[in-house]
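**Q** Just upload20.cif, nothing more (mmCIF, C-alpha atoms):
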```cif
data_final
loop_
_atom_site.label_atom_id
_atom_site.label_comp_id
_atom_site.auth_asym_id
_atom_site.auth_seq_id
_atom_site.Cartn_x
_atom_site.Cartn_y
_atom_site.Cartn_z
CA MET O 1 27.55 -7.86 39.01
CA ILE O 2 28.34 -11.46 39.80
CA PHE O 3 27.13 -13.07 43.02
CA SER O 4 28.16 -16.45 44.32
CA VAL O 5 25.15 -18.41 45.59
CA GLN O 6 24.81 -21.49 47.75
CA VAL O 7 21.37 -23.01 48.22
CA GLU O 8 21.02 -25.68 50.87
CA VAL O 9 17.96 -27.93 50.56
CA ARG O 10 16.92 -29.84 53.67
CA LEU O 11 13.99 -32.06 54.40
CA ARG O 12 11.60 -30.24 56.72
CA PRO O 13 11.61 -31.30 60.38
CA GLY O 14 9.38 -34.33 60.87
CA ILE O 15 9.70 -35.58 57.28
CA ALA O 16 11.12 -39.10 57.22
CA ASP O 17 14.68 -39.32 55.88
CA PRO O 18 15.24 -42.93 54.74
CA GLN O 19 18.68 -42.12 53.33
CA GLY O 20 19.78 -40.70 56.68
CA SER O 21 18.30 -43.69 58.55
CA THR O 22 20.19 -46.11 56.34
CA ILE O 23 23.47 -44.29 56.97
CA GLU O 24 22.75 -44.24 60.72
CA ARG O 25 22.15 -48.01 60.78
CA ALA O 26 25.32 -48.68 58.79
CA ILE O 27 27.75 -46.56 60.82
CA PRO O 28 27.98 -48.87 63.92
CA THR O 29 28.96 -51.78 61.65
CA LEU O 30 32.00 -49.69 60.61
CA GLY O 31 33.15 -49.47 64.22
CA VAL O 32 32.06 -45.91 64.97
CA ALA O 33 29.66 -45.53 67.91
CA GLY O 34 27.58 -42.63 69.18
CA VAL O 35 26.26 -41.23 65.89
CA THR O 36 22.60 -40.12 66.03
CA GLY O 37 20.18 -37.95 64.12
CA VAL O 38 21.62 -38.41 60.63
CA ARG O 39 19.91 -36.18 58.05
CA VAL O 40 20.94 -35.93 54.41
CA GLY O 41 20.37 -32.92 52.21
CA LYS O 42 21.74 -31.39 49.06
CA PHE O 43 23.24 -28.11 48.08
CA ILE O 44 23.40 -26.29 44.80
CA ARG O 45 26.16 -23.75 44.15
CA PHE O 46 26.23 -21.35 41.24
CA ASP O 47 27.09 -17.83 40.12
CA ILE O 48 24.39 -15.38 39.10
CA ASP O 49 24.76 -12.13 37.20
CA ALA O 50 22.33 -9.51 38.53
CA ALA O 51 22.07 -5.73 38.89
CA ASP O 52 22.29 -5.77 42.69
CA GLU O 53 22.07 -8.12 45.67
CA ALA O 54 18.32 -7.64 46.15
CA SER O 55 17.49 -8.67 42.60
CA ALA O 56 19.94 -11.61 42.74
CA ARG O 57 18.28 -12.81 45.95
CA ALA O 58 14.79 -12.39 44.47
CA SER O 59 15.78 -14.49 41.42
CA VAL O 60 17.28 -17.22 43.61
CA GLU O 61 14.22 -17.31 45.89
CA ASP O 62 11.99 -17.62 42.85
CA LEU O 63 14.13 -20.49 41.50
CA CYS O 64 14.04 -22.24 44.88
CA ARG O 65 10.29 -22.04 45.11
CA ARG O 66 9.56 -23.08 41.53
CA PHE O 67 12.34 -25.46 40.65
CA LEU O 68 15.05 -26.37 43.13
CA THR O 69 12.94 -27.56 46.06
CA ASN O 70 9.68 -29.26 46.77
CA PRO O 71 8.26 -26.77 49.30
CA VAL O 72 5.83 -29.36 50.68
CA ILE O 73 8.65 -31.44 52.16
CA GLU O 74 11.80 -29.32 51.83
CA ASP O 75 13.16 -26.06 53.22
CA SER O 76 15.78 -24.02 51.39
CA PHE O 77 18.48 -21.79 52.87
CA ILE O 78 20.16 -19.26 50.61
CA GLU O 79 23.63 -17.83 51.09
CA LEU O 80 24.70 -15.12 48.69
CA SER O 81 27.97 -13.24 48.49
CA ALA O 82 29.46 -10.79 46.02
CA GLY O 83 32.05 -12.17 43.60
CA ALA O 84 32.31 -15.35 41.55
CA ALA O 85 33.12 -18.56 43.40
CA SER O 86 35.37 -20.00 40.72
CA MET P 1 30.25 -34.92 74.99
CA ILE P 2 27.96 -34.32 72.02
CA PHE P 3 29.22 -32.62 68.88
CA SER P 4 27.10 -31.44 66.00
CA VAL P 5 28.66 -32.36 62.66
CA GLN P 6 28.05 -31.23 59.11
CA VAL P 7 29.85 -32.99 56.29
CA GLU P 8 29.66 -31.41 52.86
CA VAL P 9 30.46 -33.68 49.93
CA ARG P 10 31.39 -32.01 46.64
CA LEU P 11 32.53 -33.39 43.35
CA ARG P 12 36.22 -32.61 42.90
CA PRO P 13 37.08 -29.78 40.52
CA GLY P 14 37.17 -31.04 36.93
CA ILE P 15 34.81 -33.95 37.55
CA ALA P 16 31.75 -33.68 35.28
CA ASP P 17 28.52 -32.80 37.11
CA PRO P 18 25.61 -33.89 34.88
CA GLN P 19 23.02 -32.99 37.53
CA GLY P 20 24.39 -29.44 37.72
CA SER P 21 24.55 -29.18 33.90
CA THR P 22 20.91 -30.23 33.62
CA ILE P 23 19.84 -27.60 36.17
CA GLU P 24 21.91 -24.96 34.36
CA ARG P 25 20.24 -25.77 31.02
CA ALA P 26 16.76 -25.68 32.58
CA ILE P 27 17.04 -22.36 34.44
CA PRO P 28 16.82 -20.03 31.38
CA THR P 29 13.56 -21.73 30.35
CA LEU P 30 12.13 -20.57 33.71
CA GLY P 31 12.88 -16.96 32.83
CA VAL P 32 16.00 -16.47 34.98
CA ALA P 33 19.12 -15.38 33.09
CA GLY P 34 22.77 -15.12 34.07
CA VAL P 35 23.18 -18.35 36.04
CA THR P 36 26.48 -20.16 35.42
CA GLY P 37 28.68 -22.79 36.99
CA VAL P 38 25.98 -24.87 38.67
CA ARG P 39 27.42 -27.63 40.87
CA VAL P 40 25.35 -29.98 43.00
CA GLY P 41 26.57 -31.69 46.15
CA LYS P 42 25.19 -33.25 49.27
CA PHE P 43 25.56 -32.74 52.95
CA ILE P 44 25.15 -35.06 55.88
CA ARG P 45 24.33 -33.69 59.33
CA PHE P 46 24.46 -35.70 62.53
CA ASP P 47 25.38 -35.63 66.20
CA ILE P 48 28.30 -37.66 67.53
CA ASP P 49 29.10 -38.56 71.12
CA ALA P 50 32.87 -38.50 71.72
CA ALA P 51 35.34 -37.82 74.53
CA ASP P 52 36.70 -34.62 73.00
CA GLU P 53 36.73 -32.65 69.76
CA ALA P 54 39.89 -34.31 68.43
CA SER P 55 38.47 -37.82 68.73
CA ALA P 56 35.12 -36.70 67.28
CA ARG P 57 36.92 -35.20 64.28
CA ALA P 58 39.06 -38.32 63.84
CA SER P 59 35.93 -40.52 63.79
CA VAL P 60 34.20 -38.27 61.28
CA GLU P 61 37.27 -38.14 59.01
CA ASP P 62 37.45 -41.94 59.13
CA LEU P 63 33.75 -42.20 58.22
CA CYS P 64 34.19 -39.75 55.34
CA ARG P 65 37.10 -41.66 53.88
CA ARG P 66 35.60 -45.14 54.24
CA PHE P 67 31.88 -44.59 53.79
CA LEU P 68 30.43 -41.16 53.13
CA THR P 69 32.45 -40.14 50.08
CA ASN P 70 34.12 -41.64 47.08
CA PRO P 71 37.56 -40.04 47.46
CA VAL P 72 38.41 -40.66 43.81
CA ILE P 73 35.81 -38.15 42.62
CA GLU P 74 34.61 -36.33 45.76
CA ASP P 75 36.03 -33.99 48.39
CA SER P 76 34.56 -33.72 51.88
CA PHE P 77 34.49 -30.69 54.15
CA ILE P 78 33.81 -31.23 57.84
CA GLU P 79 32.32 -28.67 60.22
CA LEU P 80 32.12 -29.66 63.85
CA SER P 81 30.75 -27.71 66.80
CA ALA P 82 30.04 -28.54 70.42
CA GLY P 83 26.42 -29.21 71.36
CA ALA P 84 23.62 -31.17 69.74
CA ALA P 85 21.97 -29.66 66.66
CA SER P 86 18.48 -30.78 67.55
#
```
Show how you would write the structure in this file as structure tokens.

**A**
Amino acid sequence: MIFSVQVEVRLRPGIADPQGSTIERAIPTLGVAGVTGVRVGKFIRFDIDAADEASARASVEDLCRRFLTNPVIEDSFIELSAGAAS
Amino acid sequence: MIFSVQVEVRLRPGIADPQGSTIERAIPTLGVAGVTGVRVGKFIRFDIDAADEASARASVEDLCRRFLTNPVIEDSFIELSAGAAS
């Protein structure tokens, strides 16, 4: 059974985000005011073939912990739904 | 009025995603099978102070087009809700 997965990887609260700070400093020079708290993250989308939702989720959590994130500075958020995305 | 914004930036369909391909090739070596179609993107979260939702959305769309994405190869998806995220 195919599940469509989206993993969102965010820097943990309190971890400095230099990419976000750079964007925040640049935005007023483009004529847009009032933007604060810019944080940049990444997401990874894929399809996974697994027997059921529980085993798909277990595989994705294992991948997140071992490979897709640095758990010291990043949190991951998994969204999983039945059916291929593409 | 403060709005919480999330902009998701994805490579357009058909544009090669070498980062996603590299992840897809690495995953089987970690003992997880059945993962296909890996695509990597980024998101940018921030708060924006605007008079109303329409003007907040117009500012964010302007930022996306001029600064946050490369519209030749990337699509952006904007989610906007009332209230600060943090």

**Q** Can you list, as a list in words, every protein, DNA or RNA residue that comes within 12 Å of Ala51 in chain O when you count all atoms listed in the file, leaving out same-chain residues fewer than 5 positions away?

**A**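 With the cut-off at 12 Å, the set is Met1, Ile2, Phe3, Ala56, Arg57, Ala58, Ser59 and Ala82 of chain O; Ala33 and Gly34 of chain P.
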
**Q** Once you have the residues from the selection above, write them out as an mmCIF file, keeping the file's coordinate frame, restricted to C-alpha atoms.

**A**
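This is the output file result_18.cif:
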```
data_model
loop_
_atom_site.group_PDB
_atom_site.id
_atom_site.type_symbol
_atom_site.label_atom_id
_atom_site.label_comp_id
_atom_site.auth_asym_id
_atom_site.auth_seq_id
_atom_site.Cartn_x
_atom_site.Cartn_y
_atom_site.Cartn_z
ATOM 1 C CA MET O 1 27.550 -7.860 39.010
ATOM 2 C CA ILE O 2 28.340 -11.460 39.800
ATOM 3 C CA PHE O 3 27.130 -13.070 43.020
ATOM 4 C CA ALA O 56 19.940 -11.610 42.740
ATOM 5 C CA ARG O 57 18.280 -12.810 45.950
ATOM 6 C CA ALA O 58 14.790 -12.390 44.470
ATOM 7 C CA SER O 59 15.780 -14.490 41.420
ATOM 8 C CA ALA O 82 29.460 -10.790 46.020
ATOM 9 C CA ALA P 33 19.120 -15.380 33.090
ATOM 10 C CA GLY P 34 22.770 -15.120 34.070
#
```

**Q** Expand the PyMOL selection byres ((chain O) within 7 of (chain P)) into the individual residues it matches in the shown file, reporting them as a ChimeraX atom specification.

**A** /O:32,34-49,59

**Q** All Cα atoms, paired in order, least squares: that's the fit I need for chain P onto chain O, output as a compact mmCIF listing (two decimals) with C-alpha atoms, keeping the file's coordinate frame.

**A**
```
# COMPACT_ATOMS: atom_id res chain seq x y z
CA MET P 1 27.56 -7.83 39.00
CA ILE P 2 28.34 -11.46 39.80
CA PHE P 3 27.13 -13.07 43.01
CA SER P 4 28.15 -16.45 44.31
CA VAL P 5 25.16 -18.41 45.59
CA GLN P 6 24.80 -21.49 47.75
CA VAL P 7 21.37 -23.00 48.23
CA GLU P 8 21.02 -25.68 50.87
CA VAL P 9 17.97 -27.92 50.57
CA ARG P 10 16.92 -29.85 53.68
CA LEU P 11 13.99 -32.06 54.40
CA ARG P 12 11.59 -30.24 56.72
CA PRO P 13 11.61 -31.30 60.36
CA GLY P 14 9.38 -34.34 60.88
CA ILE P 15 9.68 -35.57 57.29
CA ALA P 16 11.12 -39.11 57.23
CA ASP P 17 14.68 -39.33 55.87
CA PRO P 18 15.25 -42.94 54.74
CA GLN P 19 18.69 -42.12 53.31
CA GLY P 20 19.79 -40.71 56.67
CA SER P 21 18.28 -43.69 58.55
CA THR P 22 20.19 -46.12 56.34
CA ILE P 23 23.47 -44.29 56.98
CA GLU P 24 22.75 -44.23 60.72
CA ARG P 25 22.14 -48.00 60.78
CA ALA P 26 25.32 -48.69 58.79
CA ILE P 27 27.75 -46.56 60.83
CA PRO P 28 27.99 -48.86 63.91
CA THR P 29 28.95 -51.77 61.64
CA LEU P 30 32.00 -49.69 60.60
CA GLY P 31 33.14 -49.49 64.21
CA VAL P 32 32.05 -45.91 64.97
CA ALA P 33 29.66 -45.53 67.91
CA GLY P 34 27.58 -42.63 69.19
CA VAL P 35 26.26 -41.24 65.90
CA THR P 36 22.61 -40.12 66.03
CA GLY P 37 20.18 -37.96 64.12
CA VAL P 38 21.62 -38.41 60.64
CA ARG P 39 19.91 -36.18 58.05
CA VAL P 40 20.93 -35.94 54.41
CA GLY P 41 20.36 -32.93 52.20
CA LYS P 42 21.73 -31.38 49.07
CA PHE P 43 23.24 -28.11 48.09
CA ILE P 44 23.41 -26.28 44.81
CA ARG P 45 26.17 -23.75 44.15
CA PHE P 46 26.24 -21.35 41.23
CA ASP P 47 27.10 -17.83 40.13
CA ILE P 48 24.39 -15.38 39.10
CA ASP P 49 24.76 -12.13 37.19
CA ALA P 50 22.33 -9.50 38.51
CA ALA P 51 22.07 -5.73 38.89
CA ASP P 52 22.29 -5.76 42.68
CA GLU P 53 22.07 -8.11 45.65
CA ALA P 54 18.32 -7.63 46.14
CA SER P 55 17.48 -8.67 42.58
CA ALA P 56 19.93 -11.59 42.75
CA ARG P 57 18.28 -12.81 45.95
CA ALA P 58 14.79 -12.38 44.46
CA SER P 59 15.78 -14.50 41.43
CA VAL P 60 17.28 -17.21 43.61
CA GLU P 61 14.23 -17.30 45.90
CA ASP P 62 12.00 -17.62 42.84
CA LEU P 63 14.14 -20.49 41.51
CA CYS P 64 14.05 -22.25 44.88
CA ARG P 65 10.28 -22.05 45.12
CA ARG P 66 9.54 -23.08 41.53
CA PHE P 67 12.34 -25.48 40.66
CA LEU P 68 15.05 -26.36 43.14
CA THR P 69 12.95 -27.56 46.06
CA ASN P 70 9.68 -29.26 46.78
CA PRO P 71 8.27 -26.79 49.31
CA VAL P 72 5.83 -29.36 50.68
CA ILE P 73 8.64 -31.45 52.16
CA GLU P 74 11.80 -29.33 51.84
CA ASP P 75 13.17 -26.07 53.22
CA SER P 76 15.79 -24.03 51.38
CA PHE P 77 18.47 -21.80 52.87
CA ILE P 78 20.15 -19.26 50.61
CA GLU P 79 23.63 -17.82 51.10
CA LEU P 80 24.68 -15.12 48.69
CA SER P 81 27.97 -13.22 48.49
CA ALA P 82 29.47 -10.80 46.01
CA GLY P 83 32.07 -12.17 43.61
CA ALA P 84 32.32 -15.34 41.56
CA ALA P 85 33.11 -18.57 43.41
CA SER P 86 35.35 -19.98 40.71
```

**Q** Would you compute the distance between CA of Thr29 in chain O and CA of Glu61 in chain P? Give it in Å to one decimal.

**A**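 About the pair CA of Thr29 in chain O and CA of Glu61 in chain P: they are 16.2 Å apart.
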
**Q** Selection in question (the file shown): the PyMOL selection byres ((chain P and resi 74) around 6). Which residues does it include, as a PDB file with C-alpha atoms, keeping the file's coordinate frame?

**A**
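Here's the written file expr-v2.pdb:
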```pdb
ATOM      1  CA  ARG P  10      31.390 -32.010  46.640  1.00  0.00           C
ATOM      2  CA  LEU P  11      32.530 -33.390  43.350  1.00  0.00           C
ATOM      3  CA  ARG P  12      36.220 -32.610  42.900  1.00  0.00           C
ATOM      4  CA  ASN P  70      34.120 -41.640  47.080  1.00  0.00           C
ATOM      5  CA  PRO P  71      37.560 -40.040  47.460  1.00  0.00           C
ATOM      6  CA  ILE P  73      35.810 -38.150  42.620  1.00  0.00           C
ATOM      7  CA  ASP P  75      36.030 -33.990  48.390  1.00  0.00           C
TER       8      ASP P  75
END
```

**Q** Report, in Å with one decimal, the straight-line distance from CA of Ile15 in chain O to CA of Val72 in chain O.

**A**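 Between these atoms lies a distance of 9.9 Å.
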
**Q** Between CA of Glu53 in chain O and CA of Ser21 in chain P, what is the distance in Å, rounded to a tenth?

**A**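 Those two atoms sit 24.3 Å apart.
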
**Q** Restricted to N, CA, C and O atoms, what does range 36-70 of chain O look like when written out as a PDB file, in the first residue's frame?

**A**
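Final file, selection-v7.pdb:
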```
ATOM      1  N   THR O  36       8.111  40.084  10.597  1.00  0.00           N
ATOM      2  CA  THR O  36       8.957  39.713  11.748  1.00  0.00           C
ATOM      3  C   THR O  36       8.992  38.193  11.891  1.00  0.00           C
ATOM      4  O   THR O  36       8.151  37.482  11.350  1.00  0.00           O
ATOM      5  N   GLY O  37       9.986  37.744  12.636  1.00  0.00           N
ATOM      6  CA  GLY O  37      10.044  36.337  13.025  1.00  0.00           C
ATOM      7  C   GLY O  37      10.225  35.381  11.870  1.00  0.00           C
ATOM      8  O   GLY O  37       9.620  34.299  11.857  1.00  0.00           O
ATOM      9  N   VAL O  38      11.078  35.726  10.913  1.00  0.00           N
ATOM     10  CA  VAL O  38      11.259  34.846   9.744  1.00  0.00           C
ATOM     11  C   VAL O  38      12.069  33.608  10.147  1.00  0.00           C
ATOM     12  O   VAL O  38      13.131  33.727  10.756  1.00  0.00           O
ATOM     13  N   ARG O  39      11.532  32.441   9.839  1.00  0.00           N
ATOM     14  CA  ARG O  39      12.236  31.174  10.080  1.00  0.00           C
ATOM     15  C   ARG O  39      12.162  30.351   8.799  1.00  0.00           C
ATOM     16  O   ARG O  39      11.112  30.249   8.167  1.00  0.00           O
ATOM     17  N   VAL O  40      13.273  29.750   8.430  1.00  0.00           N
ATOM     18  CA  VAL O  40      13.339  28.970   7.203  1.00  0.00           C
ATOM     19  C   VAL O  40      13.516  27.496   7.563  1.00  0.00           C
ATOM     20  O   VAL O  40      14.283  27.167   8.469  1.00  0.00           O
ATOM     21  N   GLY O  41      12.803  26.653   6.875  1.00  0.00           N
ATOM     22  CA  GLY O  41      12.951  25.220   7.091  1.00  0.00           C
ATOM     23  C   GLY O  41      12.921  24.503   5.760  1.00  0.00           C
ATOM     24  O   GLY O  41      12.914  25.123   4.707  1.00  0.00           O
ATOM     25  N   LYS O  42      12.899  23.177   5.818  1.00  0.00           N
ATOM     26  CA  LYS O  42      12.808  22.443   4.556  1.00  0.00           C
ATOM     27  C   LYS O  42      11.741  21.370   4.698  1.00  0.00           C
ATOM     28  O   LYS O  42      11.332  21.013   5.809  1.00  0.00           O
ATOM     29  N   PHE O  43      11.281  20.893   3.569  1.00  0.00           N
ATOM     30  CA  PHE O  43      10.399  19.745   3.637  1.00  0.00           C
ATOM     31  C   PHE O  43      10.859  18.721   2.620  1.00  0.00           C
ATOM     32  O   PHE O  43      11.509  19.043   1.620  1.00  0.00           O
ATOM     33  N   ILE O  44      10.528  17.507   2.899  1.00  0.00           N
ATOM     34  CA  ILE O  44      10.865  16.383   2.029  1.00  0.00           C
ATOM     35  C   ILE O  44       9.562  15.620   1.784  1.00  0.00           C
ATOM     36  O   ILE O  44       8.905  15.199   2.732  1.00  0.00           O
ATOM     37  N   ARG O  45       9.195  15.491   0.524  1.00  0.00           N
ATOM     38  CA  ARG O  45       7.993  14.731   0.156  1.00  0.00           C
ATOM     39  C   ARG O  45       8.408  13.465  -0.571  1.00  0.00           C
ATOM     40  O   ARG O  45       9.310  13.501  -1.404  1.00  0.00           O
ATOM     41  N   PHE O  46       7.722  12.380  -0.270  1.00  0.00           N
ATOM     42  CA  PHE O  46       7.963  11.149  -1.023  1.00  0.00           C
ATOM     43  C   PHE O  46       6.798  10.202  -0.848  1.00  0.00           C
ATOM     44  O   PHE O  46       5.896  10.446  -0.037  1.00  0.00           O
ATOM     45  N   ASP O  47       6.828   9.115  -1.627  1.00  0.00           N
ATOM     46  CA  ASP O  47       5.858   8.028  -1.466  1.00  0.00           C
ATOM     47  C   ASP O  47       6.574   6.853  -0.839  1.00  0.00           C
ATOM     48  O   ASP O  47       7.756   6.620  -1.119  1.00  0.00           O
ATOM     49  N   ILE O  48       5.882   6.121   0.012  1.00  0.00           N
ATOM     50  CA  ILE O  48       6.482   4.926   0.609  1.00  0.00           C
ATOM     51  C   ILE O  48       5.497   3.773   0.493  1.00  0.00           C
ATOM     52  O   ILE O  48       4.291   3.953   0.687  1.00  0.00           O
ATOM     53  N   ASP O  49       6.039   2.617   0.145  1.00  0.00           N
ATOM     54  CA  ASP O  49       5.232   1.405   0.011  1.00  0.00           C
ATOM     55  C   ASP O  49       5.394   0.601   1.300  1.00  0.00           C
ATOM     56  O   ASP O  49       6.509   0.195   1.634  1.00  0.00           O
ATOM     57  N   ALA O  50       4.303   0.414   2.038  1.00  0.00           N
ATOM     58  CA  ALA O  50       4.380  -0.308   3.315  1.00  0.00           C
ATOM     59  C   ALA O  50       3.098  -1.109   3.508  1.00  0.00           C
ATOM     60  O   ALA O  50       2.090  -0.878   2.846  1.00  0.00           O
ATOM     61  N   ALA O  51       3.159  -2.064   4.447  1.00  0.00           N
ATOM     62  CA  ALA O  51       2.015  -2.957   4.662  1.00  0.00           C
ATOM     63  C   ALA O  51       0.814  -2.187   5.221  1.00  0.00           C
ATOM     64  O   ALA O  51      -0.324  -2.416   4.820  1.00  0.00           O
ATOM     65  N   ASP O  52       1.053  -1.289   6.144  1.00  0.00           N
ATOM     66  CA  ASP O  52      -0.044  -0.516   6.726  1.00  0.00           C
ATOM     67  C   ASP O  52       0.508   0.828   7.212  1.00  0.00           C
ATOM     68  O   ASP O  52       1.713   1.078   7.162  1.00  0.00           O
ATOM     69  N   GLU O  53      -0.392   1.682   7.711  1.00  0.00           N
ATOM     70  CA  GLU O  53       0.003   3.033   8.079  1.00  0.00           C
ATOM     71  C   GLU O  53       0.994   3.029   9.238  1.00  0.00           C
ATOM     72  O   GLU O  53       1.936   3.827   9.258  1.00  0.00           O
ATOM     73  N   ALA O  54       0.796   2.118  10.192  1.00  0.00           N
ATOM     74  CA  ALA O  54       1.692   2.089  11.354  1.00  0.00           C
ATOM     75  C   ALA O  54       3.115   1.769  10.935  1.00  0.00           C
ATOM     76  O   ALA O  54       4.074   2.411  11.404  1.00  0.00           O
ATOM     77  N   SER O  55       3.287   0.800  10.028  1.00  0.00           N
ATOM     78  CA  SER O  55       4.652   0.456   9.638  1.00  0.00           C
ATOM     79  C   SER O  55       5.251   1.545   8.747  1.00  0.00           C
ATOM     80  O   SER O  55       6.459   1.810   8.801  1.00  0.00           O
ATOM     81  N   ALA O  56       4.430   2.191   7.913  1.00  0.00           N
ATOM     82  CA  ALA O  56       4.932   3.318   7.120  1.00  0.00           C
ATOM     83  C   ALA O  56       5.433   4.420   8.049  1.00  0.00           C
ATOM     84  O   ALA O  56       6.533   4.955   7.880  1.00  0.00           O
ATOM     85  N   ARG O  57       4.628   4.747   9.072  1.00  0.00           N
ATOM     86  CA  ARG O  57       5.011   5.812   9.991  1.00  0.00           C
ATOM     87  C   ARG O  57       6.289   5.445  10.762  1.00  0.00           C
ATOM     88  O   ARG O  57       7.165   6.292  10.953  1.00  0.00           O
ATOM     89  N   ALA O  58       6.392   4.175  11.155  1.00  0.00           N
ATOM     90  CA  ALA O  58       7.591   3.753  11.890  1.00  0.00           C
ATOM     91  C   ALA O  58       8.831   3.899  11.019  1.00  0.00           C
ATOM     92  O   ALA O  58       9.872   4.378  11.478  1.00  0.00           O
ATOM     93  N   SER O  59       8.722   3.516   9.724  1.00  0.00           N
ATOM     94  CA  SER O  59       9.866   3.659   8.815  1.00  0.00           C
ATOM     95  C   SER O  59      10.249   5.124   8.660  1.00  0.00           C
ATOM     96  O   SER O  59      11.431   5.479   8.669  1.00  0.00           O
ATOM     97  N   VAL O  60       9.246   5.992   8.497  1.00  0.00           N
ATOM     98  CA  VAL O  60       9.534   7.416   8.277  1.00  0.00           C
ATOM     99  C   VAL O  60      10.159   8.028   9.532  1.00  0.00           C
ATOM    100  O   VAL O  60      11.117   8.805   9.450  1.00  0.00           O
ATOM    101  N   GLU O  61       9.642   7.647  10.710  1.00  0.00           N
ATOM    102  CA  GLU O  61      10.236   8.180  11.951  1.00  0.00           C
ATOM    103  C   GLU O  61      11.680   7.732  12.103  1.00  0.00           C
ATOM    104  O   GLU O  61      12.539   8.504  12.525  1.00  0.00           O
ATOM    105  N   ASP O  62      11.946   6.502  11.740  1.00  0.00           N
ATOM    106  CA  ASP O  62      13.317   5.995  11.788  1.00  0.00           C
ATOM    107  C   ASP O  62      14.218   6.784  10.832  1.00  0.00           C
ATOM    108  O   ASP O  62      15.325   7.202  11.197  1.00  0.00           O
ATOM    109  N   LEU O  63      13.730   7.017   9.597  1.00  0.00           N
ATOM    110  CA  LEU O  63      14.510   7.804   8.633  1.00  0.00           C
ATOM    111  C   LEU O  63      14.768   9.219   9.152  1.00  0.00           C
ATOM    112  O   LEU O  63      15.867   9.750   9.000  1.00  0.00           O
ATOM    113  N   CYS O  64      13.745   9.822   9.745  1.00  0.00           N
ATOM    114  CA  CYS O  64      13.904  11.192  10.268  1.00  0.00           C
ATOM    115  C   CYS O  64      15.001  11.229  11.313  1.00  0.00           C
ATOM    116  O   CYS O  64      15.847  12.123  11.302  1.00  0.00           O
ATOM    117  N   ARG O  65      14.951  10.278  12.219  1.00  0.00           N
ATOM    118  CA  ARG O  65      15.900  10.290  13.329  1.00  0.00           C
ATOM    119  C   ARG O  65      17.317  10.041  12.846  1.00  0.00           C
ATOM    120  O   ARG O  65      18.263  10.692  13.282  1.00  0.00           O
ATOM    121  N   ARG O  66      17.465   9.102  11.902  1.00  0.00           N
ATOM    122  CA  ARG O  66      18.811   8.671  11.521  1.00  0.00           C
ATOM    123  C   ARG O  66      19.409   9.464  10.376  1.00  0.00           C
ATOM    124  O   ARG O  66      20.621   9.478  10.200  1.00  0.00           O
ATOM    125  N   PHE O  67      18.565  10.103   9.558  1.00  0.00           N
ATOM    126  CA  PHE O  67      19.081  10.560   8.274  1.00  0.00           C
ATOM    127  C   PHE O  67      18.591  11.951   7.871  1.00  0.00           C
ATOM    128  O   PHE O  67      19.387  12.796   7.446  1.00  0.00           O
ATOM    129  N   LEU O  68      17.295  12.201   8.025  1.00  0.00           N
ATOM    130  CA  LEU O  68      16.748  13.425   7.426  1.00  0.00           C
ATOM    131  C   LEU O  68      16.902  14.658   8.310  1.00  0.00           C
ATOM    132  O   LEU O  68      16.821  15.779   7.812  1.00  0.00           O
ATOM    133  N   THR O  69      17.089  14.473   9.606  1.00  0.00           N
ATOM    134  CA  THR O  69      17.233  15.633  10.488  1.00  0.00           C
ATOM    135  C   THR O  69      18.457  15.461  11.372  1.00  0.00           C
ATOM    136  O   THR O  69      18.969  14.360  11.556  1.00  0.00           O
ATOM    137  N   ASN O  70      18.886  16.580  11.908  1.00  0.00           N
ATOM    138  CA  ASN O  70      19.859  16.579  12.987  1.00  0.00           C
ATOM    139  C   ASN O  70      19.076  16.826  14.278  1.00  0.00           C
ATOM    140  O   ASN O  70      18.709  17.972  14.566  1.00  0.00           O
TER     141      ASN O  70
END
```
